[in-house]
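Containing PDB, C-alpha atoms: final35.pdb.
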MODEL        1
ATOM      1  CA  MET A   1       1.307 -20.490  19.225  1.00  0.00           C
ATOM      2  CA  GLN A   2       1.557 -21.874  15.692  1.00  0.00           C
ATOM      3  CA  PRO A   3       4.910 -21.793  13.831  1.00  0.00           C
ATOM      4  CA  GLU A   4       3.237 -19.747  11.076  1.00  0.00           C
ATOM      5  CA  ALA A   5       2.496 -17.049  13.636  1.00  0.00           C
ATOM      6  CA  PHE A   6       6.192 -16.732  14.411  1.00  0.00           C
ATOM      7  CA  ALA A   7       6.954 -16.402  10.692  1.00  0.00           C
ATOM      8  CA  TRP A   8       4.438 -13.564  10.328  1.00  0.00           C
ATOM      9  CA  LEU A   9       5.717 -11.921  13.512  1.00  0.00           C
ATOM     10  CA  GLY A  10       9.301 -12.167  12.282  1.00  0.00           C
ATOM     11  CA  ALA A  11       8.361 -10.731   8.902  1.00  0.00           C
ATOM     12  CA  GLY A  12       6.599  -7.793  10.509  1.00  0.00           C
ATOM     13  CA  LEU A  13       9.480  -7.109  12.859  1.00  0.00           C
ATOM     14  CA  ALA A  14      12.047  -7.416  10.068  1.00  0.00           C
ATOM     15  CA  ILE A  15      10.446  -4.881   7.776  1.00  0.00           C
ATOM     16  CA  GLY A  16       9.307  -2.614  10.607  1.00  0.00           C
ATOM     17  CA  LEU A  17      12.708  -2.310  12.239  1.00  0.00           C
ATOM     18  CA  ALA A  18      14.438  -2.018   8.873  1.00  0.00           C
ATOM     19  CA  ALA A  19      12.139   0.816   7.822  1.00  0.00           C
ATOM     20  CA  LEU A  20      12.710   2.572  11.139  1.00  0.00           C
ATOM     21  CA  GLY A  21      16.476   2.214  10.823  1.00  0.00           C
ATOM     22  CA  THR A  22      16.414   3.340   7.204  1.00  0.00           C
ATOM     23  CA  GLY A  23      14.423   6.446   8.070  1.00  0.00           C
ATOM     24  CA  ILE A  24      16.772   7.376  10.887  1.00  0.00           C
ATOM     25  CA  GLY A  25      19.849   6.679   8.761  1.00  0.00           C
ATOM     26  CA  ILE A  26      18.719   8.737   5.787  1.00  0.00           C
ATOM     27  CA  GLY A  27      17.660  11.562   8.094  1.00  0.00           C
ATOM     28  CA  LEU A  28      21.074  11.680   9.747  1.00  0.00           C
ATOM     29  CA  LEU A  29      22.827  11.415   6.385  1.00  0.00           C
ATOM     30  CA  ALA A  30      20.849  14.314   4.935  1.00  0.00           C
ATOM     31  CA  ALA A  31      21.401  16.450   8.044  1.00  0.00           C
ATOM     32  CA  LYS A  32      25.154  15.917   8.012  1.00  0.00           C
ATOM     33  CA  SER A  33      25.331  16.501   4.250  1.00  0.00           C
ATOM     34  CA  VAL A  34      23.582  19.848   4.561  1.00  0.00           C
ATOM     35  CA  GLU A  35      25.859  20.748   7.451  1.00  0.00           C
ATOM     36  CA  ALA A  36      28.944  19.834   5.401  1.00  0.00           C
ATOM     37  CA  ALA A  37      27.692  21.793   2.388  1.00  0.00           C
ATOM     38  CA  ALA A  38      27.101  24.849   4.591  1.00  0.00           C
ATOM     39  CA  ARG A  39      30.658  24.667   5.915  1.00  0.00           C
ATOM     40  CA  GLN A  40      32.329  24.163   2.527  1.00  0.00           C
ATOM     41  CA  PRO A  41      30.128  25.270  -0.376  1.00  0.00           C
ATOM     42  CA  GLU A  42      32.841  24.467  -2.902  1.00  0.00           C
ATOM     43  CA  ALA A  43      32.678  20.768  -1.947  1.00  0.00           C
ATOM     44  CA  VAL A  44      28.939  20.396  -2.698  1.00  0.00           C
ATOM     45  CA  PRO A  45      29.373  18.139  -5.790  1.00  0.00           C
ATOM     46  CA  GLN A  46      31.595  15.706  -3.882  1.00  0.00           C
ATOM     47  CA  ILE A  47      29.272  15.758  -0.871  1.00  0.00           C
ATOM     48  CA  GLN A  48      26.257  15.135  -3.103  1.00  0.00           C
ATOM     49  CA  LYS A  49      27.916  12.117  -4.755  1.00  0.00           C
ATOM     50  CA  LEU A  50      28.776  10.602  -1.390  1.00  0.00           C
ATOM     51  CA  MET A  51      25.296  11.313  -0.044  1.00  0.00           C
ATOM     52  CA  ILE A  52      23.596   9.541  -2.961  1.00  0.00           C
ATOM     53  CA  LEU A  53      25.946   6.569  -2.573  1.00  0.00           C
ATOM     54  CA  GLY A  54      25.177   6.396   1.146  1.00  0.00           C
ATOM     55  CA  ILE A  55      21.425   6.558   0.513  1.00  0.00           C
ATOM     56  CA  ALA A  56      21.723   3.665  -1.948  1.00  0.00           C
ATOM     57  CA  PHE A  57      23.496   1.502   0.645  1.00  0.00           C
ATOM     58  CA  ILE A  58      20.973   2.387   3.359  1.00  0.00           C
ATOM     59  CA  GLU A  59      18.016   1.597   1.089  1.00  0.00           C
ATOM     60  CA  ALA A  60      19.609  -1.732   0.132  1.00  0.00           C
ATOM     61  CA  LEU A  61      19.417  -2.808   3.769  1.00  0.00           C
ATOM     62  CA  CYS A  62      15.686  -2.125   3.822  1.00  0.00           C
ATOM     63  CA  LEU A  63      15.207  -4.055   0.587  1.00  0.00           C
ATOM     64  CA  TYR A  64      17.040  -7.034   2.103  1.00  0.00           C
ATOM     65  CA  ALA A  65      14.648  -6.929   5.062  1.00  0.00           C
ATOM     66  CA  LEU A  66      11.701  -6.851   2.650  1.00  0.00           C
ATOM     67  CA  LEU A  67      13.132  -9.905   0.883  1.00  0.00           C
ATOM     68  CA  ILE A  68      13.446 -11.706   4.220  1.00  0.00           C
ATOM     69  CA  ALA A  69       9.854 -10.779   5.082  1.00  0.00           C
ATOM     70  CA  PHE A  70       8.612 -12.186   1.764  1.00  0.00           C
ATOM     71  CA  THR A  71      10.653 -15.339   2.317  1.00  0.00           C
ATOM     72  CA  LEU A  72       9.228 -15.847   5.794  1.00  0.00           C
ATOM     73  CA  THR A  73       5.646 -15.298   4.730  1.00  0.00           C
ATOM     74  CA  GLY A  74       6.127 -17.544   1.716  1.00  0.00           C
ATOM     75  CA  LYS A  75       6.931 -20.435   4.070  1.00  0.00           C
ATOM     76  CA  THR A  76       3.505 -20.261   5.704  1.00  0.00           C
ATOM     77  CA  SER A  77       0.498 -22.172   4.502  1.00  0.00           C
ATOM     78  CA  ALA A  78      -2.090 -19.524   3.770  1.00  0.00           C
ATOM     79  CA  PRO A  79      -5.694 -20.471   3.021  1.00  0.00           C
ATOM     80  CA  PRO A  80      -6.692 -20.269  -0.651  1.00  0.00           C
ATOM     81  CA  ILE A  81      -7.969 -16.914  -1.852  1.00  0.00           C
ATOM     82  CA  ARG A  82     -11.548 -17.072  -3.056  1.00  0.00           C
ATOM     83  CA  SER A  83     -12.493 -15.063  -6.079  1.00  0.00           C
ATOM     84  CA  ASP A  84     -16.237 -15.312  -5.412  1.00  0.00           C
ATOM     85  CA  PRO A  85     -17.443 -15.093  -1.796  1.00  0.00           C
ATOM     86  CA  PHE A  86     -20.770 -16.792  -2.674  1.00  0.00           C
ATOM     87  CA  GLY A  87     -19.256 -20.069  -3.892  1.00  0.00           C
ATOM     88  CA  ALA A  88     -19.951 -19.759  -7.633  1.00  0.00           C
ATOM     89  CA  ASP A  89     -16.264 -20.327  -8.456  1.00  0.00           C
ATOM     90  CA  GLY A  90     -16.404 -24.028  -7.556  1.00  0.00           C
ATOM     91  CA  VAL A  91     -14.782 -23.670  -4.151  1.00  0.00           C
ATOM     92  CA  GLU A  92     -16.899 -24.833  -1.267  1.00  0.00           C
ATOM     93  CA  ALA A  93     -18.117 -22.185   1.140  1.00  0.00           C
ATOM     94  CA  PRO A  94     -16.701 -22.475   4.664  1.00  0.00           C
ATOM     95  CA  VAL A  95     -18.909 -24.242   7.170  1.00  0.00           C
ATOM     96  CA  PRO A  96     -19.950 -21.910  10.007  1.00  0.00           C
ATOM     97  CA  LEU A  97     -19.000 -22.996  13.501  1.00  0.00           C
ATOM     98  CA  GLU A  98     -21.842 -24.131  15.702  1.00  0.00           C
ATOM     99  CA  SER A  99     -22.514 -21.993  18.733  1.00  0.00           C
ATOM    100  CA  SER A 100     -21.651 -23.528  22.084  1.00  0.00           C
ATOM    101  CA  THR A 101     -24.699 -22.152  23.865  1.00  0.00           C
ATOM    102  CA  THR A 102     -27.313 -24.613  25.047  1.00  0.00           C
ATOM    103  CA  GLU A 103     -30.978 -23.855  24.871  1.00  0.00           C
TER     104      GLU A 103
ENDMDL
END
Structure encoded using structure tokens:
Amino acid sequence: MQPEAFAWLGAGLAIGLAALGTGIGIGLLAAKSVEAAARQPEAVPQIQKLMILGIAFIEALCLYALLIAFTLTGKTSAPPIRSDPFGADGVEAPVPLESSTTE
């Protein structure tokens, strides 16, 4: 397996697991905040402030994972992007592979 494949695999795992963890974390935070607000309605403003602060910290973790994913994929050598698939942009068209069948 090529080293670039491991970089792409790591990037996918980083953002995938971070998004999963972020979703679970925000879900639990919202559930507990609603539960706390139902128990003490007079504390809703304080609970809301703490909930928004917690959401910001949880989302920051996902953004760090996205940054790591971009860093990993930036280390790979990707083929150049062609603007014209028919070769009119000055880039040579790829040579098709010859078939291995014998006639």
(request) Determine the residue set returned by the PyMOL selection byres ((chain A and resi 33) around 9) for the present structure, and present it as a PyMOL selection string. (result) chain A and resi 28-32+34-38+44+47-48+50-51
(message) I'd like to know which of A:Met1, A:Ile26, A:Ala43, A:Leu17 is closest to Ala56 of chain A, using all atoms listed in the file.
(response)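 Looking only at the distances to Ala56 of chain A, the closest residue turns out to be A:Ile26.
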(request) Just give me the gap between atom CA of Leu72 of chain A and atom CA of Gly23 of chain A in Å, one decimal is fine. (result)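 For atom CA of Leu72 of chain A relative to atom CA of Gly23 of chain A, the distance reads 23.0 Å.
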(request) Report the distance between atom CA of Lys75 of chain A and atom CA of Gly10 of chain A in Å, rounded to one decimal place. (result)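 For atom CA of Lys75 of chain A relative to atom CA of Gly10 of chain A, the distance reads 11.9 Å.
Interatomic distance, atom CA of Ile68 of chain A against atom CA of Trp8 of chain A: 11.0 Å.
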(message) Quick check on the file I pasted: which residues fall under the PyMOL selection byres ((chain A and resi 5) around 12)? Write them as a list in words.
(response)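 After applying the PyMOL selection byres ((chain A and resi 5) around 12), what remains is Met1, Gln2, Pro3, Glu4, Phe6, Ala7, Trp8, Leu9, Gly10, Ala11, Gly12, Leu72, Thr73, Lys75, Thr76, Ser77 and Ala78 of chain A.
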Take the residues just selected and output them with C-alpha atoms as an mmCIF file, in the coordinates of the input.
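In the end it all went to again_31.cif:
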data_model
loop_
_atom_site.group_PDB
_atom_site.id
_atom_site.type_symbol
_atom_site.label_atom_id
_atom_site.label_comp_id
_atom_site.auth_asym_id
_atom_site.auth_seq_id
_atom_site.Cartn_x
_atom_site.Cartn_y
_atom_site.Cartn_z
ATOM 1 C CA MET A 1 1.307 -20.490 19.225
ATOM 2 C CA GLN A 2 1.557 -21.874 15.692
ATOM 3 C CA PRO A 3 4.910 -21.793 13.831
ATOM 4 C CA GLU A 4 3.237 -19.747 11.076
ATOM 5 C CA PHE A 6 6.192 -16.732 14.411
ATOM 6 C CA ALA A 7 6.954 -16.402 10.692
ATOM 7 C CA TRP A 8 4.438 -13.564 10.328
ATOM 8 C CA LEU A 9 5.717 -11.921 13.512
ATOM 9 C CA GLY A 10 9.301 -12.167 12.282
ATOM 10 C CA ALA A 11 8.361 -10.731 8.902
ATOM 11 C CA GLY A 12 6.599 -7.793 10.509
ATOM 12 C CA LEU A 72 9.228 -15.847 5.794
ATOM 13 C CA THR A 73 5.646 -15.298 4.730
ATOM 14 C CA LYS A 75 6.931 -20.435 4.070
ATOM 15 C CA THR A 76 3.505 -20.261 5.704
ATOM 16 C CA SER A 77 0.498 -22.172 4.502
ATOM 17 C CA ALA A 78 -2.090 -19.524 3.770
#
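Comparing the minimum interatomic distances between Ala14 of chain A and each of A:Gly54, A:Glu59, A:Pro45, A:Ala69, counting all atoms listed in the file, we find that A:Ala69 sits nearest.
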Put the listed atoms of segment 61-79 of chain A in a box along x, y and z with 8 Å added on every side and give me the centre and edge lengths in Å to one decimal, as lines of an AutoDock Vina configuration file.
center_x = 6.9
center_y = -12.1
center_z = 3.2
size_x = 41.1
size_y = 36.0
size_z = 21.2
(request) Have a look at A:Lys49, A:Tyr64, A:Ile58, A:Thr71 and name the one nearest to Thr22 of chain A; count all atoms listed in the file. (result) A:Ile58
(request) Write out as a ChimeraX atom specification each polymer residue whose atoms come within 12 Å of Ala60 of chain A, counting only C-alpha atoms; drop sequence neighbours fewer than 5 positions from it. (result) /A:18-19,21-22,26,53-55,65-67
